[in-house]
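Peer 1: Sharing run.csv (CSV, C-alpha atoms) below.
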```csv
chain,number,residue,atom,x,y,z
A,1,MET,CA,-111.4,-105.5,-45.1
A,2,ALA,CA,-111.4,-102.4,-43.0
A,3,THR,CA,-114.8,-100.9,-43.4
A,4,ILE,CA,-115.5,-98.7,-40.4
A,5,GLY,CA,-119.1,-98.2,-41.3
A,6,ILE,CA,-121.8,-97.6,-43.9
A,7,ARG,CA,-123.3,-94.2,-43.5
A,8,CYS,CA,-126.8,-93.8,-44.8
A,9,PRO,CA,-128.0,-90.2,-45.0
A,10,SER,CA,-131.5,-89.4,-43.7
A,11,LYS,CA,-134.3,-88.5,-46.1
A,12,THR,CA,-133.1,-86.1,-48.8
A,13,LYS,CA,-134.6,-85.0,-52.1
A,14,ARG,CA,-131.2,-85.6,-53.7
A,15,SER,CA,-130.9,-89.4,-53.7
A,16,LYS,CA,-130.8,-92.7,-51.9
A,17,MET,CA,-127.3,-93.8,-51.3
A,18,ALA,CA,-124.9,-95.8,-49.2
A,19,ILE,CA,-121.6,-94.3,-47.9
A,20,HIS,CA,-118.7,-96.7,-47.2
A,21,VAL,CA,-115.8,-95.4,-45.2
A,22,TYR,CA,-112.4,-97.1,-45.0
A,23,LYS,CA,-109.4,-96.5,-42.7
A,24,SER,CA,-106.8,-96.2,-45.5
A,25,THR,CA,-106.6,-95.5,-49.2
A,26,SER,CA,-105.3,-99.0,-49.9
A,27,GLU,CA,-108.3,-100.6,-48.2
A,28,LEU,CA,-110.6,-98.2,-50.0
A,29,ILE,CA,-109.1,-99.1,-53.4
A,30,THR,CA,-109.4,-102.8,-52.6
A,31,ALA,CA,-113.1,-102.4,-51.6
A,32,ILE,CA,-114.1,-100.5,-54.7
A,33,ALA,CA,-112.2,-102.9,-57.0
A,34,GLU,CA,-114.1,-105.8,-55.5
A,35,TYR,CA,-117.3,-103.8,-56.0
A,36,VAL,CA,-116.5,-103.2,-59.7
A,37,ILE,CA,-115.7,-106.9,-60.3
A,38,GLU,CA,-118.9,-108.0,-58.5
A,39,ILE,CA,-121.1,-105.7,-60.5
A,40,ALA,CA,-119.5,-106.6,-63.8
A,41,GLN,CA,-119.7,-110.3,-63.2
A,42,ASP,CA,-123.4,-110.1,-62.4
A,43,VAL,CA,-124.2,-108.0,-65.4
A,44,ILE,CA,-122.1,-110.1,-67.8
A,45,SER,CA,-123.8,-113.2,-66.5
A,46,LEU,CA,-127.2,-111.6,-67.0
A,47,ARG,CA,-126.8,-109.7,-70.3
A,48,GLY,CA,-123.5,-110.9,-71.8
A,49,GLU,CA,-121.6,-107.6,-71.7
A,50,PHE,CA,-120.9,-104.7,-69.3
A,51,SER,CA,-120.8,-101.0,-69.9
A,52,PHE,CA,-118.4,-99.2,-67.6
A,53,VAL,CA,-117.9,-95.4,-67.6
A,54,LEU,CA,-114.5,-94.3,-66.3
A,55,SER,CA,-113.5,-91.3,-64.4
A,56,GLY,CA,-110.5,-89.1,-65.3
A,57,GLY,CA,-108.1,-87.2,-63.2
A,58,SER,CA,-105.6,-88.6,-60.7
A,59,SER,CA,-108.0,-90.3,-58.2
A,60,PRO,CA,-108.9,-93.4,-60.2
A,61,GLU,CA,-105.3,-94.2,-61.2
A,62,LEU,CA,-104.8,-96.5,-58.2
A,63,LEU,CA,-108.1,-98.3,-59.0
A,64,TYR,CA,-107.1,-98.9,-62.6
A,65,ARG,CA,-103.7,-100.3,-61.6
A,66,LYS,CA,-105.5,-102.6,-59.2
A,67,LEU,CA,-108.0,-103.9,-61.7
A,68,ALA,CA,-105.1,-104.6,-64.2
A,69,ALA,CA,-103.1,-106.5,-61.6
A,70,SER,CA,-103.0,-110.3,-61.6
A,71,GLU,CA,-105.4,-110.5,-58.5
A,72,TYR,CA,-108.3,-108.9,-60.4
A,73,ARG,CA,-107.5,-109.3,-64.1
A,74,ASN,CA,-108.3,-113.0,-64.0
A,75,GLN,CA,-111.7,-112.5,-62.2
A,76,LEU,CA,-113.5,-111.0,-65.2
A,77,ASP,CA,-113.8,-111.6,-68.9
A,78,TRP,CA,-112.6,-108.2,-69.9
A,79,SER,CA,-113.4,-108.9,-73.6
A,80,LYS,CA,-117.0,-108.3,-72.6
A,81,VAL,CA,-116.5,-104.9,-71.1
A,82,ASN,CA,-117.3,-101.7,-73.0
A,83,PHE,CA,-115.5,-98.6,-71.8
A,84,PHE,CA,-116.7,-95.0,-71.9
A,85,PHE,CA,-115.6,-91.8,-70.3
A,86,GLY,CA,-117.8,-89.5,-68.1
A,87,ASP,CA,-115.7,-86.5,-69.3
A,88,GLU,CA,-112.6,-85.5,-71.2
A,89,ARG,CA,-110.3,-82.6,-71.3
A,90,TYR,CA,-110.1,-80.9,-74.6
A,91,VAL,CA,-106.5,-81.8,-75.4
A,92,PRO,CA,-105.0,-84.1,-78.0
A,93,SER,CA,-105.3,-87.8,-77.5
A,94,ASP,CA,-101.6,-88.1,-76.8
A,95,HIS,CA,-101.5,-85.3,-74.3
A,96,PRO,CA,-100.5,-86.2,-70.7
A,97,GLN,CA,-103.8,-84.8,-69.3
A,98,ASN,CA,-106.0,-86.8,-71.7
A,99,ASN,CA,-108.2,-89.1,-69.7
A,100,ALA,CA,-108.3,-91.8,-72.3
A,101,LYS,CA,-104.5,-91.8,-72.6
A,102,MET,CA,-104.2,-92.4,-68.8
A,103,ALA,CA,-106.8,-95.2,-69.0
A,104,ARG,CA,-105.1,-96.8,-72.0
A,105,GLU,CA,-101.7,-96.9,-70.2
A,106,LEU,CA,-103.0,-98.1,-66.9
A,107,LEU,CA,-105.9,-100.3,-67.8
A,108,PHE,CA,-106.5,-101.0,-71.5
A,109,ASP,CA,-103.0,-101.9,-72.6
A,110,PRO,CA,-102.3,-104.2,-69.6
A,111,LEU,CA,-105.6,-105.9,-70.1
A,112,ASN,CA,-105.3,-106.1,-73.9
A,113,ILE,CA,-108.6,-104.4,-74.4
A,114,SER,CA,-109.8,-104.4,-78.0
A,115,ALA,CA,-110.1,-100.9,-79.6
A,116,SER,CA,-113.6,-101.9,-80.5
A,117,ARG,CA,-114.5,-101.9,-76.8
A,118,ILE,CA,-113.2,-98.4,-76.1
A,119,TYR,CA,-115.4,-95.4,-76.7
A,120,ALA,CA,-113.2,-92.3,-76.4
A,121,VAL,CA,-114.0,-88.6,-77.1
A,122,ASN,CA,-112.6,-87.4,-80.4
A,123,THR,CA,-110.8,-84.2,-79.4
A,124,SER,CA,-109.6,-83.6,-82.9
A,125,LEU,CA,-113.0,-82.1,-83.5
A,126,SER,CA,-114.3,-78.8,-82.3
A,127,PRO,CA,-115.6,-78.9,-78.7
A,128,ASP,CA,-119.2,-78.8,-79.7
A,129,ASN,CA,-118.7,-81.4,-82.5
A,130,ALA,CA,-116.7,-83.6,-80.2
A,131,ALA,CA,-119.6,-83.6,-77.8
A,132,LYS,CA,-122.1,-84.3,-80.5
A,133,ASP,CA,-119.9,-87.1,-81.9
A,134,TYR,CA,-119.6,-88.7,-78.4
A,135,THR,CA,-123.4,-88.5,-77.9
A,136,ALA,CA,-123.7,-90.3,-81.3
A,137,GLN,CA,-121.2,-92.9,-80.3
A,138,ILE,CA,-123.2,-93.7,-77.1
A,139,THR,CA,-126.5,-93.7,-78.9
A,140,SER,CA,-125.1,-96.0,-81.6
A,141,HIS,CA,-123.9,-98.4,-78.9
A,142,PHE,CA,-127.2,-98.7,-77.2
A,143,GLY,CA,-129.3,-98.7,-80.4
A,144,VAL,CA,-133.0,-98.5,-79.6
A,145,LYS,CA,-132.4,-99.1,-75.9
A,146,LYS,CA,-132.3,-96.5,-73.2
A,147,LEU,CA,-128.9,-94.8,-72.7
A,148,GLN,CA,-128.3,-96.6,-69.4
A,149,PHE,CA,-124.8,-97.5,-68.4
A,150,ASP,CA,-124.2,-100.4,-66.0
A,151,LEU,CA,-121.7,-98.5,-63.9
A,152,ILE,CA,-120.5,-95.0,-63.9
A,153,LEU,CA,-117.4,-94.2,-61.8
A,154,LEU,CA,-117.1,-90.6,-60.6
A,155,GLY,CA,-114.5,-88.5,-58.8
A,156,LEU,CA,-115.0,-85.3,-56.9
A,157,GLY,CA,-113.0,-82.1,-57.1
A,158,ASP,CA,-112.2,-79.9,-54.1
A,159,ASN,CA,-114.7,-77.4,-55.6
A,160,ALA,CA,-117.4,-80.0,-55.6
A,161,HIS,CA,-117.4,-80.7,-59.3
A,162,THR,CA,-117.9,-84.1,-60.7
A,163,ALA,CA,-117.2,-85.3,-64.3
A,164,SER,CA,-116.8,-81.8,-65.9
A,165,LEU,CA,-119.9,-80.4,-64.2
A,166,PHE,CA,-118.2,-77.3,-62.7
A,167,PRO,CA,-119.8,-74.7,-60.4
A,168,TYR,CA,-121.9,-72.0,-62.1
A,169,THR,CA,-121.5,-73.4,-65.7
A,170,ASP,CA,-124.4,-73.5,-68.2
A,171,VAL,CA,-124.2,-77.3,-68.4
A,172,LEU,CA,-125.6,-77.6,-64.9
A,173,ASN,CA,-129.0,-76.5,-66.3
A,174,ASP,CA,-128.9,-78.8,-69.2
A,175,GLN,CA,-131.8,-81.3,-69.0
A,176,SER,CA,-130.8,-83.3,-72.1
A,177,VAL,CA,-129.6,-86.9,-71.9
A,178,SER,CA,-126.4,-86.2,-73.8
A,179,VAL,CA,-122.8,-85.1,-73.9
A,180,GLN,CA,-122.0,-81.4,-73.9
A,181,ALA,CA,-119.0,-79.1,-74.3
A,182,VAL,CA,-118.2,-76.8,-71.4
A,183,PHE,CA,-116.0,-73.7,-71.4
A,184,LEU,CA,-114.2,-73.1,-68.1
A,185,LYS,CA,-113.4,-69.4,-68.0
A,186,GLN,CA,-110.9,-69.5,-65.1
A,187,GLN,CA,-108.9,-72.2,-66.8
A,188,ASN,CA,-109.5,-70.8,-70.3
A,189,THR,CA,-110.2,-74.3,-71.6
A,190,HIS,CA,-112.9,-76.5,-72.8
A,191,ARG,CA,-114.1,-79.8,-71.4
A,192,ILE,CA,-116.5,-82.5,-72.8
A,193,THR,CA,-118.9,-84.0,-70.3
A,194,MET,CA,-121.9,-86.2,-69.8
A,195,THR,CA,-124.8,-84.3,-68.5
A,196,ALA,CA,-126.3,-85.0,-65.1
A,197,PRO,CA,-129.5,-86.5,-66.6
A,198,LEU,CA,-127.3,-89.0,-68.6
A,199,ILE,CA,-125.3,-89.9,-65.5
A,200,ASN,CA,-128.4,-90.3,-63.4
A,201,GLN,CA,-129.9,-92.9,-65.8
A,202,ALA,CA,-127.1,-95.4,-65.0
A,203,HIS,CA,-127.9,-98.7,-63.3
A,204,ASN,CA,-125.1,-98.0,-60.8
A,205,ILE,CA,-123.0,-95.0,-59.8
A,206,ALA,CA,-120.0,-95.0,-57.6
A,207,TYR,CA,-117.9,-92.1,-56.2
A,208,LEU,CA,-114.3,-92.8,-55.4
A,209,VAL,CA,-112.9,-90.0,-53.1
A,210,PHE,CA,-110.0,-89.9,-50.8
A,211,GLY,CA,-107.8,-87.4,-49.0
A,212,LYS,CA,-108.2,-84.5,-46.6
A,213,GLY,CA,-108.4,-82.1,-49.5
A,214,LYS,CA,-111.8,-83.5,-50.5
A,215,ALA,CA,-113.3,-83.5,-47.0
A,216,GLU,CA,-115.0,-80.1,-47.3
A,217,ALA,CA,-116.5,-80.9,-50.7
A,218,VAL,CA,-117.8,-84.3,-49.4
A,219,HIS,CA,-119.4,-82.5,-46.5
A,220,HIS,CA,-121.1,-79.9,-48.7
A,221,ILE,CA,-122.4,-82.5,-51.2
A,222,LEU,CA,-123.9,-84.8,-48.5
A,223,GLU,CA,-124.8,-82.4,-45.7
A,224,SER,CA,-125.3,-78.8,-47.0
A,225,GLU,CA,-128.5,-77.4,-48.4
A,226,PHE,CA,-129.3,-78.3,-52.0
A,227,ASP,CA,-127.4,-75.8,-54.1
A,228,PRO,CA,-126.1,-77.5,-57.2
A,229,GLN,CA,-124.8,-74.3,-58.8
A,230,GLN,CA,-122.3,-74.1,-56.0
A,231,TYR,CA,-122.0,-77.9,-55.4
A,232,PRO,CA,-122.6,-79.5,-58.8
A,233,ALA,CA,-122.1,-83.1,-57.5
A,234,GLN,CA,-125.4,-82.7,-55.7
A,235,LEU,CA,-127.1,-83.1,-59.1
A,236,ILE,CA,-126.1,-86.8,-59.1
A,237,LYS,CA,-129.0,-88.6,-57.6
A,238,SER,CA,-131.0,-91.8,-57.9
A,239,GLU,CA,-134.5,-93.0,-57.2
A,240,ARG,CA,-133.1,-96.4,-56.6
A,241,GLU,CA,-130.5,-97.5,-54.1
A,242,ASN,CA,-127.7,-97.6,-56.6
A,243,LEU,CA,-125.5,-94.6,-55.6
A,244,GLN,CA,-122.4,-95.6,-53.7
A,245,TRP,CA,-119.8,-93.3,-52.0
A,246,TYR,CA,-116.5,-94.9,-51.4
A,247,LEU,CA,-114.4,-92.8,-49.0
A,248,ASP,CA,-111.4,-93.0,-46.8
A,249,GLU,CA,-111.4,-91.6,-43.3
A,250,ASP,CA,-109.8,-88.4,-44.4
A,251,ALA,CA,-112.4,-87.6,-47.0
A,252,ALA,CA,-115.2,-88.5,-44.6
A,253,SER,CA,-113.7,-86.6,-41.7
A,254,LEU,CA,-116.2,-83.6,-41.7
A,255,LEU,CA,-119.3,-85.8,-42.0
A,256,LYS,CA,-121.5,-86.0,-38.9
A,257,ASP,CA,-120.8,-89.0,-36.7
A,258,ASP,CA,-124.5,-89.8,-36.3
A,259,ARG,CA,-124.6,-90.8,-39.9
A,260,GLN,CA,-122.6,-93.9,-39.2
A,261,GLU,CA,-124.5,-97.0,-38.4
```
Could you express the structure from this file as structure tokens?

Peer 2:
Amino acid sequence: MATIGIRCPSKTKRSKMAIHVYKSTSELITAIAEYVIEIAQDVISLRGEFSFVLSGGSSPELLYRKLAASEYRNQLDWSKVNFFFGDERYVPSDHPQNNAKMARELLFDPLNISASRIYAVNTSLSPDNAAKDYTAQITSHFGVKKLQFDLILLGLGDNAHTASLFPYTDVLNDQSVSVQAVFLKQQNTHRITMTAPLINQAHNIAYLVFGKGKAEAVHHILESEFDPQQYPAQLIKSERENLQWYLDEDAASLLKDDRQE
């Protein structure tokens, strides 16, 4: 494995975290796939099932392909994994940009995941009702327990958004542990997203970010002053050491060298 270091930020009011940097995208994907498998094995051994919140967009596609490949598919009892989505585009379920459709093609179908283990956003409803319905699905899954996922996978946009927590949107101020609808004026479209408080309750959170195009956003999230309206991913924090950043060298290229141990 080609880890070139684990960078641990100095004291910050945002979170405790570890930052793992790899020389290439392929080495990065291998590392985070092994991390997912290890976390899932431990949780299933302890509690009998594993709740995994997936990220959308193009970044996780390589990871999903990796997890579905023979090397990893046999390392886990996938019938004990429950899948959720951190956000969803407000498009039909068969639309090419639908996150659940992408996950179904790359991960669920190859692994023969039962439909009963997949919790997808119902975009046939209105945006607000889709958000309420997804909150209800999550609440029903956990029952009387705290809404606390075992692992949430996150990506990062070049504008520093994560999930569908976009700069200067009302959802950034939402303190509820829930799923909310978001209207993006510039794109003239709705999104459905988990709120930051819901994400932050997770047992484990992992960012997967690679490419030069994400370097500036990574720098601002980890090194700029706390300004979550401009850099929404700064809202993702933890009081425990359960927040992991998995980066390639390109994405980490603007971070200060003195952060590397």

Peer 1: Counting only C-alpha atoms, which of A:Ser116, A:Thr193, A:Asn204, A:Gln137 gets nearest to Glu38 in chain A?

Peer 2: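 Ranked by minimum distance to Glu38 in chain A, first place goes to A:Asn204.
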
Peer 1: With a distance cut-off of 7 Å and all atoms listed in the file, select the neighbouring residues of range 130-135 of chain A, excluding the residue or stretch itself and same-chain residues fewer than 2 positions from it, and output the selection as a ChimeraX atom specification.

Peer 2: /A:121-123,125-128,137-139,178-181,192

Peer 1: Show me a table, sorted first by chain and then by increasing residue number, of the residues of range 53-102 of chain A having an atom at most 9 Å from range 155-160 of chain A, each with its shortest atom pair and the distance in Å to one decimal, counting all atoms listed in the file and written as a tab-separated table.

Peer 2:
```
residue	atom	partner	partner_atom	distance
A:Ser55	CA	A:Gly155	CA	6.3
A:Gly56	CA	A:Gly155	CA	7.7
A:Gly57	CA	A:Gly155	CA	7.9
A:Ser59	CA	A:Gly155	CA	6.8
A:Pro60	CA	A:Gly155	CA	7.6
```

Peer 1: Give me the residues near range 230-247 of chain A as a PyMOL selection string, where near means some atom within 7 Å (using all atoms listed in the file) and where sequence neighbours in that chain fewer than 4 positions away do not count.

Peer 2: chain A and resi 14-22+28+32+160-162+165-168+196+200+203-210+221+226+251-252

Peer 1: Which residue is closest to His190 in chain A? Choose from A:Asp109, A:Tyr35, A:Asp87, A:Ile44 and count all atoms listed in the file.

Peer 2: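 Closest to His190 in chain A, using all atoms listed in the file: A:Asp87.
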
Peer 1: One decimal, in Å: what's the spacing between CA of Tyr72 in chain A and CA of Phe52 in chain A?

Peer 2: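 Rounded to one decimal, the two atoms are 15.7 Å apart.
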
Peer 1: To one decimal in Å, tell me the separation between CA of Thr189 in chain A and CA of Tyr64 in chain A.

Peer 2: 26.4 Å

Peer 1: As a list of chain:residue names, please: the residues near Ile118 in chain A (cut-off 8 Å, all atoms listed in the file, same-chain neighbours under 6 positions excluded).

Peer 2: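 Near neighbours after the sequence-gap exclusion: A:Asn82, A:Phe83, A:Phe84.
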
Peer 1: Let's have the selection written as a tab-separated table (two decimals), in the coordinates of the input, with C-alpha atoms.

Peer 2:
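Result saved to out-v1.tsv:
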```
chain	number	residue	atom	x	y	z
A	82	ASN	CA	-117.30	-101.70	-73.00
A	83	PHE	CA	-115.50	-98.60	-71.80
A	84	PHE	CA	-116.70	-95.00	-71.90
```

Peer 1: Provide the CA of Asn112 in chain A to CA of Pro92 in chain A distance in Å, to one decimal place.

Peer 2: 22.4 Å

Peer 1: Of the residues A:Ser79, A:Ser124, A:Gln186, A:Ser93, which is the one nearest to Phe108 in chain A, using all atoms listed in the file?

Peer 2: A:Ser79

Peer 1: Excluding Phe149 in chain A and residues on its chain fewer than 5 positions from it, collect all residues at most 9 Å away from it, counting all atoms listed in the file, and give them as a list of chain:residue names.

Peer 2: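 The neighbour list is A:Phe50, A:Ser51, A:Phe52, A:Val53, A:Leu198, A:Ile199, A:Gln201, A:Ala202, A:His203, A:Asn204.
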
Peer 1: Emit the selected residues as a CSV table (one decimal), keeping the file's coordinate frame, including C-alpha atoms.

Peer 2:
```csv
chain,number,residue,atom,x,y,z
A,50,PHE,CA,-120.9,-104.7,-69.3
A,51,SER,CA,-120.8,-101.0,-69.9
A,52,PHE,CA,-118.4,-99.2,-67.6
A,53,VAL,CA,-117.9,-95.4,-67.6
A,198,LEU,CA,-127.3,-89.0,-68.6
A,199,ILE,CA,-125.3,-89.9,-65.5
A,201,GLN,CA,-129.9,-92.9,-65.8
A,202,ALA,CA,-127.1,-95.4,-65.0
A,203,HIS,CA,-127.9,-98.7,-63.3
A,204,ASN,CA,-125.1,-98.0,-60.8
```

Peer 1: Smallest atom-to-atom distance to Asn188 in chain A: which of A:Lys66, A:Glu27, A:Gln41, A:Tyr90, using all atoms listed in the file?

Peer 2: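 For Asn188 in chain A, the nearest of the given residues is A:Tyr90.
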
Peer 1: Determine the nearest neighbour of Gln148 in chain A from the options A:Leu63, A:Ala31, A:Val177, A:Ser164, counting only C-alpha atoms.

Peer 2: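 Of all the options, A:Val177 lies closest to Gln148 in chain A.
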
Peer 1: Reconstruct N, CA, C and O atoms of range 223-245 of chain A; output as a PDB file, in the coordinates of the input.

Peer 2:
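The new file rebuild_35.pdb reads:
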```pdb
ATOM      1  N   GLU A 223    -124.199 -82.939 -46.930  1.00  0.00           N
ATOM      2  CA  GLU A 223    -124.800 -82.400 -45.700  1.00  0.00           C
ATOM      3  C   GLU A 223    -125.303 -80.932 -45.878  1.00  0.00           C
ATOM      4  O   GLU A 223    -126.108 -80.481 -45.063  1.00  0.00           O
ATOM      5  N   SER A 224    -124.842 -80.212 -46.867  1.00  0.00           N
ATOM      6  CA  SER A 224    -125.300 -78.800 -47.000  1.00  0.00           C
ATOM      7  C   SER A 224    -126.633 -78.770 -47.743  1.00  0.00           C
ATOM      8  O   SER A 224    -127.085 -79.753 -48.336  1.00  0.00           O
ATOM      9  N   GLU A 225    -127.270 -77.599 -47.690  1.00  0.00           N
ATOM     10  CA  GLU A 225    -128.500 -77.400 -48.400  1.00  0.00           C
ATOM     11  C   GLU A 225    -128.304 -77.629 -49.904  1.00  0.00           C
ATOM     12  O   GLU A 225    -127.210 -77.437 -50.424  1.00  0.00           O
ATOM     13  N   PHE A 226    -129.357 -78.027 -50.571  1.00  0.00           N
ATOM     14  CA  PHE A 226    -129.300 -78.300 -52.000  1.00  0.00           C
ATOM     15  C   PHE A 226    -129.003 -77.066 -52.795  1.00  0.00           C
ATOM     16  O   PHE A 226    -129.844 -76.178 -52.901  1.00  0.00           O
ATOM     17  N   ASP A 227    -127.811 -76.964 -53.336  1.00  0.00           N
ATOM     18  CA  ASP A 227    -127.400 -75.800 -54.100  1.00  0.00           C
ATOM     19  C   ASP A 227    -126.427 -76.282 -55.194  1.00  0.00           C
ATOM     20  O   ASP A 227    -125.215 -76.094 -55.105  1.00  0.00           O
ATOM     21  N   PRO A 228    -126.958 -76.927 -56.232  1.00  0.00           N
ATOM     22  CA  PRO A 228    -126.100 -77.500 -57.200  1.00  0.00           C
ATOM     23  C   PRO A 228    -125.283 -76.565 -58.075  1.00  0.00           C
ATOM     24  O   PRO A 228    -124.293 -76.967 -58.690  1.00  0.00           O
ATOM     25  N   GLN A 229    -125.675 -75.282 -58.108  1.00  0.00           N
ATOM     26  CA  GLN A 229    -124.800 -74.300 -58.800  1.00  0.00           C
ATOM     27  C   GLN A 229    -123.495 -74.164 -58.095  1.00  0.00           C
ATOM     28  O   GLN A 229    -122.452 -74.040 -58.746  1.00  0.00           O
ATOM     29  N   GLN A 230    -123.520 -74.196 -56.797  1.00  0.00           N
ATOM     30  CA  GLN A 230    -122.300 -74.100 -56.000  1.00  0.00           C
ATOM     31  C   GLN A 230    -121.641 -75.463 -55.798  1.00  0.00           C
ATOM     32  O   GLN A 230    -120.420 -75.581 -55.775  1.00  0.00           O
ATOM     33  N   TYR A 231    -122.481 -76.494 -55.664  1.00  0.00           N
ATOM     34  CA  TYR A 231    -122.000 -77.900 -55.400  1.00  0.00           C
ATOM     35  C   TYR A 231    -122.572 -78.799 -56.459  1.00  0.00           C
ATOM     36  O   TYR A 231    -123.525 -79.538 -56.213  1.00  0.00           O
ATOM     37  N   PRO A 232    -122.004 -78.800 -57.667  1.00  0.00           N
ATOM     38  CA  PRO A 232    -122.600 -79.500 -58.800  1.00  0.00           C
ATOM     39  C   PRO A 232    -122.815 -81.023 -58.557  1.00  0.00           C
ATOM     40  O   PRO A 232    -123.768 -81.601 -59.112  1.00  0.00           O
ATOM     41  N   ALA A 233    -121.973 -81.659 -57.756  1.00  0.00           N
ATOM     42  CA  ALA A 233    -122.100 -83.100 -57.500  1.00  0.00           C
ATOM     43  C   ALA A 233    -123.453 -83.439 -56.863  1.00  0.00           C
ATOM     44  O   ALA A 233    -123.870 -84.601 -56.866  1.00  0.00           O
ATOM     45  N   GLN A 234    -124.129 -82.438 -56.287  1.00  0.00           N
ATOM     46  CA  GLN A 234    -125.400 -82.700 -55.700  1.00  0.00           C
ATOM     47  C   GLN A 234    -126.474 -83.050 -56.798  1.00  0.00           C
ATOM     48  O   GLN A 234    -127.537 -83.580 -56.484  1.00  0.00           O
ATOM     49  N   LEU A 235    -126.175 -82.778 -58.058  1.00  0.00           N
ATOM     50  CA  LEU A 235    -127.100 -83.100 -59.100  1.00  0.00           C
ATOM     51  C   LEU A 235    -127.159 -84.625 -59.380  1.00  0.00           C
ATOM     52  O   LEU A 235    -128.111 -85.116 -59.999  1.00  0.00           O
ATOM     53  N   ILE A 236    -126.147 -85.342 -58.920  1.00  0.00           N
ATOM     54  CA  ILE A 236    -126.100 -86.800 -59.100  1.00  0.00           C
ATOM     55  C   ILE A 236    -126.976 -87.451 -58.088  1.00  0.00           C
ATOM     56  O   ILE A 236    -126.672 -87.421 -56.899  1.00  0.00           O
ATOM     57  N   LYS A 237    -128.047 -88.049 -58.544  1.00  0.00           N
ATOM     58  CA  LYS A 237    -129.000 -88.600 -57.600  1.00  0.00           C
ATOM     59  C   LYS A 237    -129.608 -89.877 -58.212  1.00  0.00           C
ATOM     60  O   LYS A 237    -129.315 -90.248 -59.346  1.00  0.00           O
ATOM     61  N   SER A 238    -130.431 -90.522 -57.422  1.00  0.00           N
ATOM     62  CA  SER A 238    -131.000 -91.800 -57.900  1.00  0.00           C
ATOM     63  C   SER A 238    -132.327 -92.008 -57.154  1.00  0.00           C
ATOM     64  O   SER A 238    -132.451 -91.706 -55.973  1.00  0.00           O
ATOM     65  N   GLU A 239    -133.266 -92.553 -57.873  1.00  0.00           N
ATOM     66  CA  GLU A 239    -134.500 -93.000 -57.200  1.00  0.00           C
ATOM     67  C   GLU A 239    -134.387 -94.400 -56.720  1.00  0.00           C
ATOM     68  O   GLU A 239    -135.233 -94.878 -55.986  1.00  0.00           O
ATOM     69  N   ARG A 240    -133.316 -95.076 -57.138  1.00  0.00           N
ATOM     70  CA  ARG A 240    -133.100 -96.400 -56.600  1.00  0.00           C
ATOM     71  C   ARG A 240    -131.833 -96.361 -55.723  1.00  0.00           C
ATOM     72  O   ARG A 240    -131.109 -95.385 -55.701  1.00  0.00           O
ATOM     73  N   GLU A 241    -131.616 -97.433 -54.987  1.00  0.00           N
ATOM     74  CA  GLU A 241    -130.500 -97.500 -54.100  1.00  0.00           C
ATOM     75  C   GLU A 241    -129.238 -97.959 -54.836  1.00  0.00           C
ATOM     76  O   GLU A 241    -128.719 -99.042 -54.578  1.00  0.00           O
ATOM     77  N   ASN A 242    -128.793 -97.167 -55.799  1.00  0.00           N
ATOM     78  CA  ASN A 242    -127.700 -97.600 -56.600  1.00  0.00           C
ATOM     79  C   ASN A 242    -126.534 -96.583 -56.642  1.00  0.00           C
ATOM     80  O   ASN A 242    -125.663 -96.638 -57.495  1.00  0.00           O
ATOM     81  N   LEU A 243    -126.561 -95.637 -55.716  1.00  0.00           N
ATOM     82  CA  LEU A 243    -125.500 -94.600 -55.600  1.00  0.00           C
ATOM     83  C   LEU A 243    -124.637 -94.914 -54.439  1.00  0.00           C
ATOM     84  O   LEU A 243    -125.102 -94.915 -53.293  1.00  0.00           O
ATOM     85  N   GLN A 244    -123.372 -95.182 -54.705  1.00  0.00           N
ATOM     86  CA  GLN A 244    -122.400 -95.600 -53.700  1.00  0.00           C
ATOM     87  C   GLN A 244    -121.327 -94.513 -53.537  1.00  0.00           C
ATOM     88  O   GLN A 244    -120.782 -94.062 -54.539  1.00  0.00           O
ATOM     89  N   TRP A 245    -121.008 -94.166 -52.297  1.00  0.00           N
ATOM     90  CA  TRP A 245    -119.800 -93.300 -52.000  1.00  0.00           C
ATOM     91  C   TRP A 245    -118.783 -94.151 -51.335  1.00  0.00           C
ATOM     92  O   TRP A 245    -119.024 -94.702 -50.252  1.00  0.00           O
TER      93      TRP A 245
END
```
